[in-house]
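Here is the structure we will look at, set down as structure tokens.
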Amino acid sequence: SHFELLAIASIVATQKPRVLLEVGTFDGNTTLQMALNAPEDAIVHTLDLPSEVTSLIQPILDVDVKLVRDKQKKQRKYQKTSCEKKIIQHIGDSAAYNFTTFCKEGLVDFAFIDGGHSYECVRSDTENTMKILSPNAIVLWHDFTPDFHGVFTYLNEISSTYLLVH
């Protein structure tokens, strides 16, 4: 939504993270907004599944399968823009991906987790992201709502360990 993009852009513009990570690129619009609002020397890593997924480590919801196969992914919104040079597109299964790849420029200062919505996917993406964060990093999750039971359940579980704000 416009509100979500405004919130993400505002946090990035205010906090000025140098290394950003997005799990779940889709059409690249959030990626674009992060890059536009990040410092000039920032790097935005974005990870997405290939359009033709044959097998995955974690279970995937039907809604996620539709997004993975959506034709809007063919042309990412950040492509052919002035900030495309700040963006590194990674393709792969986040459950099997080596997250240290995102740390070549330093630990991650800002992460946006919007990959798979199953409990197993959000848990895996969160645990992998937490291992590569800088001390004052900010993590945002998308789709924290009872409609996405996996995201909602997992984040409520970890709220006793991490300070989470909704």
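Letters A, B, ... mark the chains of the structure tokens in the order given; residue numbers begin at 1 per chain; ligand numbers begin at 1, in order shown.
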
Surrounding residues of Pro50 in chain A excluding itself and chain neighbours under 5 positions, 8 Å, only C-alpha atoms, as a JSON list (two decimals) with C-alpha atoms, in the first residue's frame:
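Output file around02.json follows:
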```
[["chain", "number", "residue", "atom", "x", "y", "z"],
["A", 68, "VAL", "CA", 6.19, -16.22, -7.44],
["A", 91, "ILE", "CA", 17.71, -15.33, -6.91],
["A", 92, "GLY", "CA", 17.21, -18.41, -4.79]]
```

What's the 12 Å shell around Met130 in chain A, counting only C-alpha atoms, without same-chain residues fewer than 5 positions away, as a ChimeraX atom specification? /A:21,99-100,107-113,122-125,135-140,158,162

Between CA of Ile57 in chain A and CA of Leu164 in chain A, distance in Å (one decimal): 27.2 Å

What is the CA of Leu32 in chain A-CA of Asp143 in chain A distance in Å, reported with one decimal?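 Straight-line distance from CA of Leu32 in chain A to CA of Asp143 in chain A works out to 19.3 Å.
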
DSSP on the backbone, helix (DSSP H, G or I) only: what residues of range 100-165 of chain A does that give? Format it as a count of residues only. 26
